[in-house]
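Data from my_file_17.cif: mmCIF, C-alpha atoms and all ligand atoms
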```cif
data_target
loop_
_atom_site.label_atom_id
_atom_site.label_comp_id
_atom_site.auth_asym_id
_atom_site.auth_seq_id
_atom_site.Cartn_x
_atom_site.Cartn_y
_atom_site.Cartn_z
CA MET C 992 0.00 0.00 0.00
CA LEU C 993 0.99 3.61 -0.22
CA THR C 994 3.06 4.95 2.60
CA GLY C 995 3.01 8.41 4.13
CA GLY C 996 1.27 10.10 7.02
CA PRO C 997 -1.84 12.24 7.03
CA SER C 998 -1.78 15.04 4.46
CA SER C 999 1.75 14.05 3.49
CA THR C 1000 2.19 13.64 -0.22
CA GLU C 1001 5.98 14.04 -0.21
CA SER C 1002 6.65 10.78 1.56
CA VAL C 1003 4.25 8.79 -0.62
CA ASN C 1004 6.02 6.32 -2.86
CA ARG C 1005 4.09 6.89 -6.07
CA GLY C 1006 6.15 4.81 -8.46
CA PRO C 1007 5.40 5.14 -12.17
CA PHE C 1008 1.61 5.47 -11.84
CA LEU C 1009 -0.53 8.33 -13.12
CA THR C 1010 -2.79 8.16 -10.08
CA ASP C 1011 -2.42 7.05 -6.49
CA VAL C 1012 -5.95 5.72 -6.10
CA ALA C 1013 -8.50 4.76 -8.74
CA VAL C 1014 -11.97 4.22 -7.31
CA VAL C 1015 -14.32 2.19 -9.49
CA GLY C 1016 -17.86 3.19 -8.56
CA GLY C 1017 -19.25 6.61 -7.69
CA GLY C 1018 -21.94 5.66 -5.19
CA VAL C 1019 -21.77 6.75 -1.57
CA VAL C 1020 -19.06 4.21 -0.69
CA GLY C 1021 -16.78 5.05 -3.63
CA LEU C 1022 -17.23 8.80 -3.21
CA ALA C 1023 -16.57 8.63 0.53
CA VAL C 1024 -13.37 6.63 -0.04
CA ALA C 1025 -12.36 9.20 -2.68
CA TRP C 1026 -13.05 12.11 -0.33
CA ARG C 1027 -11.12 10.57 2.56
CA CYS C 1028 -8.15 9.58 0.34
CA ALA C 1029 -7.99 12.97 -1.40
CA ALA C 1030 -8.14 14.69 1.99
CA ARG C 1031 -5.06 12.67 2.97
CA GLY C 1032 -3.14 14.14 0.05
CA LEU C 1033 -3.51 11.31 -2.46
CA ARG C 1034 -4.23 11.77 -6.17
CA VAL C 1035 -7.66 10.17 -6.65
CA VAL C 1036 -9.75 9.43 -9.73
CA VAL C 1037 -13.30 8.08 -9.47
CA HIS C 1038 -14.70 6.16 -12.46
CA ASP C 1039 -18.45 5.79 -12.94
CA PRO C 1040 -20.70 6.14 -15.99
CA ALA C 1041 -23.36 7.88 -13.85
CA PRO C 1042 -22.21 8.70 -10.31
CA GLY C 1043 -24.85 8.16 -7.64
CA SER C 1044 -27.30 6.48 -9.99
CA GLY C 1045 -27.11 2.96 -8.56
CA ALA C 1046 -28.21 1.62 -5.17
CA SER C 1047 -27.38 4.99 -3.55
CA ARG C 1048 -30.18 6.64 -5.53
CA VAL C 1049 -32.83 4.14 -4.47
CA ALA C 1050 -31.75 3.70 -0.82
CA ALA C 1051 -33.96 5.14 1.90
CA GLY C 1052 -31.03 6.22 4.06
CA MET C 1053 -31.79 4.55 7.37
CA LEU C 1054 -28.84 4.40 9.76
CA SER C 1055 -30.10 1.33 11.60
CA PRO C 1056 -27.53 -0.61 13.59
CA VAL C 1057 -30.23 -1.77 16.02
CA ALA C 1058 -33.39 -2.32 13.97
CA GLU C 1059 -31.31 -4.17 11.36
CA ALA C 1060 -29.52 -6.42 13.89
CA TYR C 1061 -30.76 -9.84 12.80
CA PHE C 1062 -30.34 -13.32 14.25
CA GLY C 1063 -27.01 -14.92 13.36
CA GLU C 1064 -25.32 -11.72 12.14
CA HIS C 1065 -23.22 -10.81 15.21
CA GLU C 1066 -20.15 -9.65 13.32
CA LEU C 1067 -22.14 -7.56 10.89
CA THR C 1068 -24.08 -6.02 13.78
CA GLY C 1069 -20.75 -5.02 15.37
CA LEU C 1070 -19.66 -3.29 12.18
CA LEU C 1071 -23.04 -1.53 11.82
CA ALA C 1072 -22.74 -0.25 15.39
CA ALA C 1073 -19.14 0.88 14.85
CA SER C 1074 -20.11 2.78 11.72
CA ALA C 1075 -23.24 4.30 13.25
CA ALA C 1076 -21.06 5.60 16.10
CA ARG C 1077 -18.93 7.41 13.50
CA TRP C 1078 -21.92 9.03 11.80
CA PRO C 1079 -22.27 12.18 13.97
CA ALA C 1080 -18.63 13.23 13.43
CA PHE C 1081 -18.69 12.10 9.80
CA ALA C 1082 -21.84 14.15 9.17
CA ALA C 1083 -20.39 17.25 10.82
CA GLU C 1084 -17.13 16.96 8.91
CA LEU C 1085 -18.86 16.34 5.59
CA THR C 1086 -21.27 19.25 6.09
CA GLU C 1087 -18.27 21.50 6.66
CA ALA C 1088 -16.27 20.08 3.74
CA ALA C 1089 -19.16 20.18 1.26
CA GLY C 1090 -20.80 23.36 2.52
CA THR C 1091 -24.20 21.66 2.38
CA GLY C 1092 -26.39 19.43 4.50
CA PHE C 1093 -27.87 16.08 3.51
CA GLY C 1094 -30.87 15.55 5.73
CA TYR C 1095 -29.08 13.93 8.67
CA ARG C 1096 -31.78 13.50 11.33
CA THR C 1097 -31.65 11.96 14.79
CA GLU C 1098 -35.27 11.57 15.99
CA GLY C 1099 -34.80 7.79 16.18
CA THR C 1100 -36.76 4.84 14.89
CA LEU C 1101 -40.02 3.25 16.04
CA VAL C 1102 -40.47 -0.47 15.43
CA VAL C 1103 -44.17 -1.35 15.45
CA GLY C 1104 -46.49 -4.30 14.95
CA LEU C 1105 -49.98 -3.92 13.46
CA THR C 1106 -51.57 -7.17 14.64
CA GLY C 1107 -50.88 -9.45 17.58
CA ASP C 1108 -48.88 -11.75 15.29
CA ASP C 1109 -46.89 -8.83 13.90
CA LEU C 1110 -46.11 -7.64 17.40
CA ALA C 1111 -45.02 -11.13 18.45
CA GLU C 1112 -42.58 -11.21 15.54
CA ALA C 1113 -41.24 -7.74 16.34
CA ARG C 1114 -40.91 -8.60 20.05
CA ARG C 1115 -38.88 -11.70 19.29
CA LEU C 1116 -36.39 -9.63 17.33
CA TRP C 1117 -36.12 -6.79 19.81
CA SER C 1118 -35.64 -9.27 22.69
CA TYR C 1119 -32.66 -10.61 20.76
CA GLN C 1120 -31.41 -7.06 20.14
CA ARG C 1121 -31.74 -6.25 23.84
CA GLU C 1122 -29.79 -9.41 24.73
CA LEU C 1123 -26.97 -8.02 22.59
CA GLY C 1124 -27.10 -4.85 24.71
CA LEU C 1125 -28.42 -2.74 21.83
CA PRO C 1126 -30.54 0.31 22.67
CA ILE C 1127 -34.17 -0.60 21.94
CA THR C 1128 -36.93 0.05 24.49
CA PRO C 1129 -40.46 -1.40 24.35
CA LEU C 1130 -43.18 1.25 24.70
CA ARG C 1131 -46.70 1.06 26.06
CA PRO C 1132 -49.33 1.74 23.36
CA SER C 1133 -50.03 5.16 24.92
CA GLU C 1134 -46.31 6.01 24.90
CA LEU C 1135 -46.11 4.97 21.25
CA ARG C 1136 -49.02 7.24 20.31
CA ASP C 1137 -47.63 10.12 22.34
CA ARG C 1138 -44.49 9.87 20.23
CA GLU C 1139 -46.30 9.46 16.91
CA PRO C 1140 -50.01 10.35 16.94
CA ALA C 1141 -50.12 9.61 13.18
CA LEU C 1142 -49.88 5.86 13.86
CA ALA C 1143 -53.12 3.97 13.20
CA PRO C 1144 -55.21 3.17 16.29
CA ARG C 1145 -55.02 -0.49 15.21
CA VAL C 1146 -51.23 -0.61 15.74
CA ARG C 1147 -50.85 -3.02 18.68
CA GLY C 1148 -47.51 -1.91 20.06
CA GLY C 1149 -43.93 -1.01 19.44
CA ALA C 1150 -40.49 -0.04 20.66
CA VAL C 1151 -38.09 2.84 20.15
CA ALA C 1152 -34.52 2.57 18.90
CA PRO C 1153 -33.30 6.10 19.72
CA GLY C 1154 -29.89 5.64 18.10
CA ASP C 1155 -31.22 4.57 14.67
CA HIS C 1156 -31.11 7.73 12.61
CA GLN C 1157 -31.50 8.72 8.94
CA VAL C 1158 -29.93 10.66 6.10
CA ASP C 1159 -31.07 11.49 2.55
CA PRO C 1160 -28.83 9.37 0.27
CA ARG C 1161 -29.37 11.52 -2.83
CA ARG C 1162 -28.23 14.63 -1.00
CA LEU C 1163 -25.44 12.58 0.55
CA VAL C 1164 -24.14 11.72 -2.92
CA THR C 1165 -24.12 15.42 -3.84
CA ALA C 1166 -22.29 16.34 -0.64
CA LEU C 1167 -19.71 13.57 -0.98
CA ARG C 1168 -19.08 14.45 -4.60
CA THR C 1169 -18.56 18.11 -3.72
CA ALA C 1170 -16.28 17.25 -0.80
CA ALA C 1171 -14.26 14.80 -2.88
CA GLU C 1172 -13.80 17.30 -5.71
CA ARG C 1173 -12.96 20.12 -3.30
CA ALA C 1174 -10.30 17.84 -1.79
CA GLY C 1175 -8.81 17.34 -5.25
CA ALA C 1176 -10.41 14.10 -6.50
CA THR C 1177 -11.32 13.86 -10.19
CA LEU C 1178 -14.49 12.21 -11.51
CA VAL C 1179 -14.30 10.44 -14.85
CA THR C 1180 -17.69 9.68 -16.36
CA GLY C 1181 -17.23 6.31 -18.00
CA SER C 1182 -17.35 2.58 -17.51
CA VAL C 1183 -14.42 0.42 -16.50
CA ARG C 1184 -14.50 -2.92 -18.31
CA ALA C 1185 -11.38 -4.39 -16.69
CA LEU C 1186 -9.18 -3.24 -13.84
CA SER C 1187 -6.14 -3.54 -16.13
CA GLU C 1188 -7.39 -0.34 -17.88
CA LEU C 1189 -6.52 1.69 -14.78
CA ASP C 1190 -3.14 3.31 -14.26
CA ALA C 1191 -3.22 3.60 -10.49
CA ARG C 1192 -1.07 2.37 -7.66
CA VAL C 1193 -4.14 1.23 -5.75
CA THR C 1194 -7.57 0.40 -7.18
CA VAL C 1195 -10.63 0.36 -4.92
CA VAL C 1196 -13.54 -1.61 -6.36
CA ALA C 1197 -16.65 0.05 -4.96
CA ALA C 1198 -18.86 -0.85 -7.91
CA GLY C 1199 -21.69 -2.52 -5.99
CA CYS C 1200 -23.04 -5.46 -7.99
CA GLY C 1201 -20.56 -4.58 -10.78
CA ALA C 1202 -17.75 -5.83 -8.54
CA ALA C 1203 -18.57 -9.42 -9.50
CA ALA C 1204 -17.62 -8.95 -13.15
CA LEU C 1205 -14.52 -6.92 -12.31
CA THR C 1206 -13.12 -9.15 -9.57
CA GLY C 1207 -14.87 -12.52 -9.59
CA LEU C 1208 -16.08 -11.87 -6.03
CA PRO C 1209 -19.45 -13.46 -5.18
CA VAL C 1210 -21.58 -10.31 -5.22
CA ARG C 1211 -25.17 -10.86 -6.36
CA PRO C 1212 -27.99 -8.41 -7.06
CA VAL C 1213 -30.82 -8.31 -4.51
CA LYS C 1214 -33.66 -6.25 -5.90
CA GLY C 1215 -35.50 -3.72 -3.77
CA GLN C 1216 -38.60 -1.83 -4.91
CA VAL C 1217 -39.09 1.52 -3.17
CA LEU C 1218 -41.78 4.23 -3.33
CA ARG C 1219 -41.51 7.94 -2.72
CA LEU C 1220 -44.62 9.80 -1.53
CA ARG C 1221 -45.06 13.52 -0.91
CA ALA C 1222 -47.16 15.18 1.78
CA PRO C 1223 -49.99 17.40 0.45
CA ASP C 1224 -49.73 21.19 0.21
CA GLY C 1225 -45.94 21.27 0.43
CA GLY C 1226 -45.96 20.57 4.16
CA PRO C 1227 -43.78 18.15 6.11
CA PRO C 1228 -45.00 14.60 6.77
CA GLY C 1229 -47.24 14.17 9.81
CA PHE C 1230 -44.66 12.03 11.62
CA ARG C 1231 -40.98 12.53 12.42
CA HIS C 1232 -39.54 9.15 13.42
CA VAL C 1233 -38.43 6.53 10.97
CA ILE C 1234 -41.11 3.82 11.31
CA ARG C 1235 -40.32 0.18 10.73
CA GLY C 1236 -43.36 -1.98 10.87
CA TYR C 1237 -44.84 -5.36 10.36
CA ALA C 1238 -48.34 -5.11 8.91
CA ASP C 1239 -50.21 -8.40 8.48
CA GLY C 1240 -46.87 -10.12 7.97
CA GLU C 1241 -45.56 -7.51 5.52
CA PRO C 1242 -42.36 -5.76 6.64
CA VAL C 1243 -42.24 -2.10 5.64
CA TYR C 1244 -40.33 1.04 6.54
CA LEU C 1245 -41.38 4.67 6.32
CA VAL C 1246 -38.75 7.41 6.26
CA PRO C 1247 -40.04 11.01 6.61
CA ARG C 1248 -37.99 13.92 5.28
CA ASP C 1249 -38.27 17.62 6.07
CA SER C 1250 -38.97 18.25 2.37
CA GLY C 1251 -42.33 16.45 2.66
CA GLU C 1252 -41.04 13.25 1.10
CA VAL C 1253 -41.76 9.87 2.67
CA VAL C 1254 -39.78 6.88 1.44
CA VAL C 1255 -41.68 3.59 1.63
CA GLY C 1256 -39.64 0.42 1.26
CA ALA C 1257 -38.77 -2.16 0.34
CA THR C 1258 -39.07 -5.51 -1.29
CA VAL C 1259 -36.18 -7.96 -0.97
CA GLU C 1260 -36.09 -10.08 -4.11
CA GLU C 1261 -33.43 -12.46 -5.42
CA ARG C 1262 -33.69 -10.95 -8.89
CA ALA C 1263 -31.47 -8.86 -11.17
CA ASP C 1264 -34.08 -6.75 -13.01
CA THR C 1265 -35.21 -3.27 -11.98
CA ASP C 1266 -38.83 -3.56 -13.07
CA VAL C 1267 -41.45 -2.04 -10.79
CA THR C 1268 -44.42 -4.37 -10.34
CA ALA C 1269 -48.02 -3.56 -9.46
CA GLY C 1270 -48.08 -6.28 -6.81
CA ALA C 1271 -45.09 -4.86 -4.95
CA VAL C 1272 -46.48 -1.32 -5.09
CA LEU C 1273 -49.82 -2.61 -3.78
CA ARG C 1274 -48.21 -4.50 -0.88
CA LEU C 1275 -45.94 -1.62 0.13
CA LEU C 1276 -48.76 0.94 -0.01
CA ARG C 1277 -51.19 -1.29 1.87
CA ALA C 1278 -48.68 -1.90 4.65
CA ALA C 1279 -47.73 1.79 4.78
CA VAL C 1280 -51.34 3.01 4.96
CA ASP C 1281 -52.27 0.34 7.51
CA LEU C 1282 -49.60 1.77 9.83
CA VAL C 1283 -50.00 5.49 9.04
CA PRO C 1284 -53.45 6.11 7.50
CA GLU C 1285 -52.75 9.71 6.44
CA LEU C 1286 -50.34 8.36 3.79
CA ALA C 1287 -53.38 7.52 1.66
CA GLU C 1288 -53.73 11.28 1.03
CA TYR C 1289 -50.11 11.75 -0.09
CA ASP C 1290 -48.98 11.99 -3.74
CA LEU C 1291 -47.20 8.95 -5.12
CA VAL C 1292 -44.27 10.64 -6.88
CA GLU C 1293 -41.87 7.80 -7.63
CA ALA C 1294 -41.76 4.02 -7.80
CA THR C 1295 -38.33 2.62 -8.48
CA ALA C 1296 -36.18 -0.45 -8.00
CA GLY C 1297 -32.50 -0.85 -7.18
CA LEU C 1298 -30.05 -3.69 -6.83
CA ARG C 1299 -28.38 -4.18 -3.47
CA PRO C 1300 -24.96 -5.86 -3.68
CA GLY C 1301 -25.48 -9.04 -1.65
CA THR C 1302 -22.84 -11.59 -0.64
CA PRO C 1303 -23.11 -15.23 0.51
CA ASP C 1304 -23.13 -14.14 4.18
CA ASN C 1305 -24.84 -10.79 3.47
CA ALA C 1306 -21.87 -8.91 4.94
CA PRO C 1307 -19.60 -6.52 3.04
CA ILE C 1308 -16.30 -7.42 1.42
CA LEU C 1309 -13.58 -5.04 2.57
CA GLY C 1310 -9.85 -5.28 1.94
CA PRO C 1311 -7.12 -6.49 -0.40
CA LEU C 1312 -8.01 -9.08 -3.05
CA PRO C 1313 -5.88 -12.21 -2.75
CA GLY C 1314 -3.55 -12.59 -5.72
CA ARG C 1315 -4.38 -9.09 -7.07
CA PRO C 1316 -1.68 -6.73 -5.73
CA GLY C 1317 -2.93 -3.18 -5.27
CA VAL C 1318 -6.64 -4.06 -5.62
CA LEU C 1319 -8.98 -3.50 -2.68
CA ALA C 1320 -12.66 -4.39 -2.44
CA ALA C 1321 -15.20 -2.09 -0.79
CA THR C 1322 -18.43 -3.71 -1.86
CA GLY C 1323 -21.14 -6.17 -0.84
CA HIS C 1324 -22.84 -3.74 1.54
CA HIS C 1325 -26.24 -5.29 0.76
CA ARG C 1326 -28.90 -3.56 2.93
CA HIS C 1327 -26.37 -1.42 4.79
CA GLY C 1328 -24.46 0.75 2.32
CA ILE C 1329 -25.47 4.08 3.80
CA VAL C 1330 -24.86 3.27 7.46
CA LEU C 1331 -21.57 1.54 6.62
CA THR C 1332 -20.19 4.42 4.55
CA PRO C 1333 -18.11 6.11 7.30
CA VAL C 1334 -16.43 2.97 8.62
CA THR C 1335 -15.76 1.70 5.10
CA ALA C 1336 -14.24 4.98 3.96
CA ASP C 1337 -12.12 5.44 7.08
CA LEU C 1338 -10.78 1.89 7.27
CA VAL C 1339 -10.11 1.50 3.54
CA THR C 1340 -8.36 4.86 3.48
CA GLU C 1341 -6.19 3.87 6.44
CA LEU C 1342 -5.30 0.64 4.69
CA ILE C 1343 -4.22 2.60 1.62
CA VAL C 1344 -2.34 5.34 3.45
CA SER C 1345 -0.54 3.42 6.19
CA GLY C 1346 -1.12 -0.24 5.35
CA ALA C 1347 -2.71 -0.69 8.80
CA ALA C 1348 -5.66 -3.08 8.79
CA ASP C 1349 -8.10 -2.18 11.56
CA PRO C 1350 -9.15 -5.32 13.50
CA LEU C 1351 -12.76 -4.43 12.62
CA LEU C 1352 -12.00 -5.50 9.05
CA ALA C 1353 -10.94 -9.05 9.96
CA PRO C 1354 -14.32 -10.79 9.51
CA PHE C 1355 -15.00 -9.00 6.21
CA THR C 1356 -11.90 -9.66 4.11
CA PRO C 1357 -12.22 -11.03 0.57
CA GLU C 1358 -10.20 -14.08 1.69
CA ARG C 1359 -13.30 -15.61 3.19
CA PHE C 1360 -14.56 -16.14 -0.36
CA ALA C 1361 -11.20 -16.98 -1.92
CA ALA C 1362 -12.34 -20.44 -2.97
CA SER C 1363 -15.42 -19.10 -4.75
CA ALA C 1364 -13.75 -16.10 -6.46
CA GLY C 1365 -12.98 -17.08 -10.03
CA PRO C 1366 -11.23 -14.99 -12.66
CA ALA C 1367 -12.89 -11.69 -13.43
CA ARG C 1368 -15.12 -11.68 -16.48
CA ARG C 1369 -15.01 -8.75 -18.87
CA ARG C 1370 -18.28 -6.88 -18.48
CA ARG C 1371 -19.43 -3.35 -17.81
CA HIS C 1372 -20.07 -2.30 -14.25
CA GLY C 1373 -23.29 -0.44 -13.60
N1 LIG V 1 -31.69 -1.05 4.38
C1 LIG V 1 -32.95 -1.12 3.81
C2 LIG V 1 -33.09 -1.93 2.60
O1 LIG V 1 -32.13 -2.48 2.08
O2 LIG V 1 -34.18 -2.05 2.12
#
```

Show me, as structure tokens, the structure contained in the file I just sent.
Ligand code: GLY
Amino acid sequence: MLTGGPSSTESVNRGPFLTDVAVVGGGVVGLAVAWRCAARGLRVVVHDPAPGSGASRVAAGMLSPVAEAYFGEHELTGLLAASAARWPAFAAELTEAAGTGFGYRTEGTLVVGLTGDDLAEARRLWSYQRELGLPITPLRPSELRDREPALAPRVRGGAVAPGDHQVDPRRLVTALRTAAERAGATLVTGSVRALSELDARVTVVAAGCGAAALTGLPVRPVKGQVLRLRAPDGGPPGFRHVIRGYADGEPVYLVPRDSGEVVVGATVEERADTDVTAGAVLRLLRAAVDLVPELAEYDLVEATAGLRPGTPDNAPILGPLPGRPGVLAATGHHRHGIVLTPVTADLVTELIVSGAADPLLAPFTPERFAASAGPARRRRHG
């Protein structure tokens, strides 16, 4: 890896390369790596045919280390918590560097169940989360309604995860791009068909699902359909918490923004197309309106689908690729790309600048899939 301390370009051994760091992929992860590396004095080029147009554009932006702590994912939960803990400082630094905000909000998340069965399912998960010591507190129905009067009277109960926050990923892309460019990074609008095209000392593959074709890593598309609603008359939504609910067995999340937007998501489908289907829209809207009836009066302004980069263990792939000197992976973030952005950017940058691998990275190295990673095929990344 490159050597040299913070903001020190003189001591960096650049060798014959045009660039210190080529980042393949201009979503939130790639742009954050580019920003952090450029801020450390490295020459950085980001390659993407349409920066911010992939999973980052569809994502709702929940920063959910607690509500997304699932059975059997201890190590991933640890990384989510570590990254969420970095978010306040990361957000402050990025706001300063970009000169713009990106909808970072800290009201917390309510996890609710519509029926008795839904509540039983939610309770089982939050009991597990509490056993892990994560901050989630069951509420009495009256406490729940005091917090969010917009919830339907039928909602049986819920809990609050006060540390699960939110950000607007589209504005985050804009801020990261501005910060990266202000720090000296260059954006090249174009596809990379093979990593051998790049003249860089270090290449970071942050191409989401496109990483599979470029590296042979086992990254698969996991489709998510997402809706965007808008509150009537230009006002803000009638609720302020992120709401994650189970409604007659249908999991749904509702993310309110100051702009009046409410993001309603999402399906989880083992498919590679980005078609929006009537059935998915129907299920998402029904679940959303069952939990917050006023949403029936909102405008439906967008229905879209994105492809999450999933991996065999649904955890990200972070670190040097075995047998590919100078190539690092920062992909496979699946459902967690936005919350994992700070820890990914910081740890990958440190790896590049000093060669130091933070112990947090150990469970997420590409080596764990070494047997399954075949030779990279030549295909465009998206
Ligand atoms: N993190 C939310 C989703 O992937 O739908």

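Distances here use all atoms listed in the file; by that measure, the residue among C:Leu1291, C:Val1035, C:Ala1152, C:Ala1296 closest to ligand LIG 1 (chain V) is C:Ala1296.
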
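Pairwise distance (CA of Ser1182 in chain C, CA of Ala1320 in chain C) equals 17.3 Å.
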
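The contact shell of ligand LIG 1 (chain V), defined as all polymer residues within 7 Å when only C-alpha atoms and all ligand atoms are used, comprises C:Ala1050, C:Ala1051, C:Met1053, C:Gly1215, C:Gly1256, C:Ala1257, C:Thr1258, C:Val1259, C:Arg1299, C:His1325, C:Arg1326, C:His1327.
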
request  = Would you kindly identify which residues have an atom no farther than 9 Å from (-6.7, 10.3, -6.9), using all atoms listed in the file and the file's own coordinates, and write them out as a VMD selection string?
outcome  = chain C and resid 1009 to 1014 1025 1028 to 1029 1032 to 1037 1175 to 1177 1191

task = Rank C:Pro1307, C:Pro1153, C:Gly1094, C:Pro1140 by their smallest atom-to-atom distance to Glu1285 in chain C, using all atoms listed in the file, and report the top residue only.
result = C:Pro1140

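Coordinates place CA of Gly1297 in chain C at a distance of 9.7 Å from CA of Val1267 in chain C.
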
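Among the candidates C:Val1233, C:Ala1111, C:Ala1361, C:Leu1205, the residue lying nearest to Ala1185 in chain C is C:Leu1205 (atoms considered: only C-alpha atoms).
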
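Computed from the coordinates, the CA of Val1158 in chain C to CA of Ala1347 in chain C distance equals 29.6 Å.
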
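With distances taken over all atoms listed in the file, C:Arg1131 is the one residue among C:Arg1121, C:Arg1131, C:His1232, C:Arg1168 lying closest to Arg1147 in chain C.
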